[in-house]
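K.L.:
Input structure: entry-v6.pdb, which contains PDB, C-alpha atoms and all ligand atoms.
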MODEL        1
ATOM      1  CA  MET A 214     115.100  -5.278  52.499
ATOM      2  CA  ALA A 215     118.684  -5.466  53.841
ATOM      3  CA  THR A 216     121.224  -3.266  52.041
ATOM      4  CA  ASP A 217     124.070  -3.486  54.589
ATOM      5  CA  PRO A 218     127.319  -4.242  52.686
ATOM      6  CA  ARG A 219     128.284  -6.719  55.460
ATOM      7  CA  GLU A 220     125.521  -8.946  54.151
ATOM      8  CA  GLY A 221     128.011  -9.905  51.455
ATOM      9  CA  GLY A 222     125.760  -9.049  48.569
ATOM     10  CA  LEU A 223     122.862 -11.159  49.820
ATOM     11  CA  LEU A 224     119.524  -9.420  49.910
ATOM     12  CA  GLU A 225     116.827 -10.578  52.261
ATOM     13  CA  VAL A 226     113.441 -10.740  50.623
ATOM     14  CA  GLU A 227     110.752  -9.757  53.047
ATOM     15  CA  LYS A 228     107.229 -10.931  52.311
ATOM     16  CA  GLN A 229     104.990  -7.888  52.208
ATOM     17  CA  LYS A 230     101.711  -8.434  53.974
ATOM     18  CA  VAL A 231      99.423  -6.011  52.161
ATOM     19  CA  SER A 232      95.819  -6.718  51.332
ATOM     20  CA  PRO A 233      94.021  -4.980  48.469
ATOM     21  CA  PRO A 234      91.781  -2.060  49.449
ATOM     22  CA  PRO A 235      88.214  -3.143  50.198
ATOM     23  CA  LEU A 236      85.608  -2.645  47.475
ATOM     24  CA  TYR A 237      82.042  -1.478  47.919
ATOM     25  CA  ARG A 238      78.874  -2.203  45.955
ATOM     26  CA  VAL A 239      76.678   0.822  45.305
ATOM     27  CA  LEU A 240      72.992  -0.157  45.321
ATOM     28  CA  LEU A 241      69.792   1.605  44.350
ATOM     29  CA  LEU A 242      66.676   0.818  46.381
ATOM     30  CA  ASN A 243      63.148   0.731  45.016
ATOM     31  CA  ASP A 244      60.409   3.133  46.080
ATOM     32  CA  ASP A 245      56.892   3.834  44.822
ATOM     33  CA  TYR A 246      57.410   7.465  43.769
ATOM     34  CA  THR A 247      60.666   8.090  41.865
ATOM     35  CA  PRO A 248      59.871   8.078  38.121
ATOM     36  CA  MET A 249      61.443   5.282  36.098
ATOM     37  CA  ASP A 250      62.981   7.674  33.553
ATOM     38  CA  PHE A 251      64.625   9.648  36.375
ATOM     39  CA  VAL A 252      66.295   6.453  37.670
ATOM     40  CA  VAL A 253      67.457   5.576  34.143
ATOM     41  CA  GLY A 254      68.985   9.062  33.846
ATOM     42  CA  VAL A 255      70.772   8.681  37.195
ATOM     43  CA  LEU A 256      72.290   5.358  36.136
ATOM     44  CA  GLN A 257      73.485   6.877  32.845
ATOM     45  CA  SER A 258      74.846  10.103  34.368
ATOM     46  CA  PHE A 259      76.483   8.812  37.565
ATOM     47  CA  PHE A 260      77.408   5.254  36.588
ATOM     48  CA  GLY A 261      78.272   5.590  32.894
ATOM     49  CA  MET A 262      75.653   3.099  31.703
ATOM     50  CA  THR A 263      74.077   3.096  28.263
ATOM     51  CA  ARG A 264      70.326   3.734  28.141
ATOM     52  CA  GLU A 265      69.791   0.001  27.598
ATOM     53  CA  GLN A 266      71.971  -1.075  30.561
ATOM     54  CA  ALA A 267      70.370   1.575  32.763
ATOM     55  CA  THR A 268      66.877   0.419  31.820
ATOM     56  CA  GLN A 269      67.732  -3.195  32.724
ATOM     57  CA  VAL A 270      69.139  -2.191  36.124
ATOM     58  CA  MET A 271      66.182   0.134  36.842
ATOM     59  CA  LEU A 272      63.705  -2.663  36.011
ATOM     60  CA  LYS A 273      65.623  -5.093  38.247
ATOM     61  CA  VAL A 274      65.413  -2.615  41.147
ATOM     62  CA  HIS A 275      61.710  -2.041  40.442
ATOM     63  CA  ARG A 276      61.059  -5.811  40.432
ATOM     64  CA  ASP A 277      63.425  -7.086  43.158
ATOM     65  CA  GLY A 278      63.688  -4.094  45.496
ATOM     66  CA  MET A 279      67.357  -3.374  44.881
ATOM     67  CA  GLY A 280      70.057  -3.560  42.222
ATOM     68  CA  VAL A 281      73.770  -2.989  41.781
ATOM     69  CA  CYS A 282      74.980   0.197  40.076
ATOM     70  CA  GLY A 283      78.672  -0.686  40.294
ATOM     71  CA  VAL A 284      81.605  -1.719  42.515
ATOM     72  CA  PHE A 285      84.169   0.904  43.586
ATOM     73  CA  PRO A 286      86.846   1.737  46.171
ATOM     74  CA  LYS A 287      85.340   3.122  49.394
ATOM     75  CA  ASP A 288      85.813   6.856  48.717
ATOM     76  CA  VAL A 289      84.479   6.627  45.153
ATOM     77  CA  ALA A 290      81.441   4.628  46.320
ATOM     78  CA  ALA A 291      80.719   7.110  49.137
ATOM     79  CA  THR A 292      80.931  10.068  46.739
ATOM     80  CA  LYS A 293      78.550   8.425  44.265
ATOM     81  CA  VAL A 294      76.022   7.689  47.028
ATOM     82  CA  GLU A 295      76.155  11.336  48.166
ATOM     83  CA  LEU A 296      75.857  12.733  44.643
ATOM     84  CA  VAL A 297      72.924  10.483  43.714
ATOM     85  CA  ILE A 298      70.984  11.262  46.905
ATOM     86  CA  SER A 299      71.675  14.985  46.591
ATOM     87  CA  PHE A 300      70.577  14.999  42.923
ATOM     88  CA  ALA A 301      67.391  13.064  43.751
ATOM     89  CA  ARG A 302      66.511  15.447  46.619
ATOM     90  CA  GLN A 303      67.077  18.478  44.377
ATOM     91  CA  HIS A 304      64.349  16.981  42.184
ATOM     92  CA  GLN A 305      62.116  16.100  45.182
ATOM     93  CA  HIS A 306      62.411  12.347  44.636
ATOM     94  CA  PRO A 307      62.840   9.897  47.559
ATOM     95  CA  LEU A 308      65.309   7.662  45.663
ATOM     96  CA  GLN A 309      67.653   5.834  48.054
ATOM     97  CA  CYS A 310      71.228   4.833  47.259
ATOM     98  CA  VAL A 311      73.438   2.852  49.668
ATOM     99  CA  MET A 312      76.827   1.115  49.719
ATOM    100  CA  GLU A 313      77.958  -2.198  51.217
ATOM    101  CA  GLU A 314      81.333  -3.900  51.378
ATOM    102  CA  VAL A 315      81.786  -6.592  48.728
TER     103      VAL A 315
HETATM  104  N1  LIG A 401      59.241   1.848  41.467
HETATM  105  C1  LIG A 401      59.388   3.111  40.764
HETATM  106  C2  LIG A 401      58.118   3.397  39.971
HETATM  107  O1  LIG A 401      57.291   2.527  39.785
HETATM  108  C3  LIG A 401      60.607   3.086  39.838
HETATM  109  C4  LIG A 401      61.902   2.970  40.566
HETATM  110  C5  LIG A 401      62.885   2.133  40.064
HETATM  111  C6  LIG A 401      62.149   3.703  41.714
HETATM  112  C7  LIG A 401      64.117   2.013  40.701
HETATM  113  C8  LIG A 401      63.378   3.616  42.361
HETATM  114  O2  LIG A 401      65.571   2.691  42.450
HETATM  115  C9  LIG A 401      64.341   2.763  41.844
HETATM  116  N2  LIG A 401      57.990   4.625  39.486
ENDMDL
END
Let me see whether you can do it: turn the structure in this file into structure tokens.

P.N.:
Amino acid sequence: MATDPREGGLLEVEKQKVSPPPLYRVLLLNDDYTPMDFVVGVLQSFFGMTREQATQVMLKVHRDGMGVCGVFPKDVAATKVELVISFARQHQHPLQCVMEEV
């Protein structure tokens, strides 16, 4: 933006070329060993879902192989993936959680 007084009071408007930060889907993957109630608890604790929402998402993952937990900025998505995997491993479950750009 020009602020030089010699511009005679005219301000140049520069178009800003900024794109919004990329968003990432966080996904849970199905496996044959992680208990269903553990997955429901993860979805409630880490993704703020009600028990009913969490149950629907868990059943979708169980049926289709994967399901969306939420969409977040990159650093938030990466932290959720880490926390979920770490929590699952602490409980000896093989639950997998991944992120992908929207
Ligand atoms: N398939 C698991 C079972 O039958 C349940 C499960 C659901 C596991 C979702 C992982 O992300 C998952 N116990």

K.L.:
Write out as a list in words each polymer residue whose atoms come within 12 Å of Phe260 of chain A, counting all atoms listed in the file; drop sequence neighbours fewer than 6 positions from it.

P.N.:
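Contacts, in chain order: Val239, Leu240, Leu241, Val252, Val253, Gly254, Gln266, Ala267, Val270, Val281, Cys282, Gly283, Val284, Phe285, Val289, Ala290, Thr292, Lys293, Val294, Leu296 and Val297 of chain A.
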
K.L.:
Residues picked by the PyMOL selection byres (((not hetatm)) within 9 of (chain A and resi 401)) here, as a list of chain:residue names?

P.N.:
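This file gives the following for the PyMOL selection byres (((not hetatm)) within 9 of (chain A and resi 401)): A:Leu240, A:Leu241, A:Leu242, A:Asn243, A:Asp244, A:Asp245, A:Tyr246, A:Thr247, A:Pro248, A:Met249, A:Asp250, A:Phe251, A:Val252, A:Val253, A:Val270, A:Met271, A:Leu272, A:Lys273, A:Val274, A:His275, A:Arg276, A:Gly278, A:Met279, A:Gly280, A:Pro307, A:Leu308, A:Gln309, A:Cys310.
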
K.L.:
Just to confirm, what's the straight-line distance from atom CA of Gln257 of chain A to atom CA of Leu236 of chain A in Å (one decimal)?

P.N.:
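Taking atom CA of Gln257 of chain A and atom CA of Leu236 of chain A, their separation equals 21.3 Å.
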
K.L.:
Grab the atom CA of Pro234 of chain A to atom CA of Ala301 of chain A distance for me, in Å with one decimal place.

P.N.:
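Rounded to one decimal, the two atoms are 29.3 Å apart.
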
K.L.:
Enclose segment 297-306 of chain A, meaning all of its atoms listed in the file, in a box aligned along x, y and z, pad it by 4 Å on each side, and list the centre and edge lengths in Å to one decimal, as lines of an AutoDock Vina configuration file.

P.N.:
center_x = 67.5
center_y = 14.5
center_z = 44.5
size_x = 18.8
size_y = 16.0
size_z = 12.7

K.L.:
Tell me, in Å to one decimal, how far atom CA of Met312 of chain A is from atom CA of Ser232 of chain A.

P.N.:
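So the two atoms, atom CA of Met312 of chain A and atom CA of Ser232 of chain A, lie 20.6 Å apart.
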
K.L.:
Skipping near chain neighbours, those fewer than 6 positions away, what residues fall within 8 Å of Glu314 of chain A using only C-alpha atoms, listed as a ChimeraX atom specification?

P.N.:
/A:235-238

K.L.:
In terms of the shortest atom-to-atom distance over all atoms listed in the file, which of A:Asp277, A:Glu227, A:Gln305, A:Phe300 is closest to Ser258 of chain A?

P.N.:
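Answer, going by the shortest atom-to-atom distance: A:Phe300.
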
K.L.:
Check the smallest atom-to-atom distance from each of A:His306, A:Pro286, A:Met262, A:Val255 to Pro233 of chain A using all atoms listed in the file, then report the winner.

P.N.:
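Among A:His306, A:Pro286, A:Met262, A:Val255, it is A:Pro286 that comes nearest to Pro233 of chain A.
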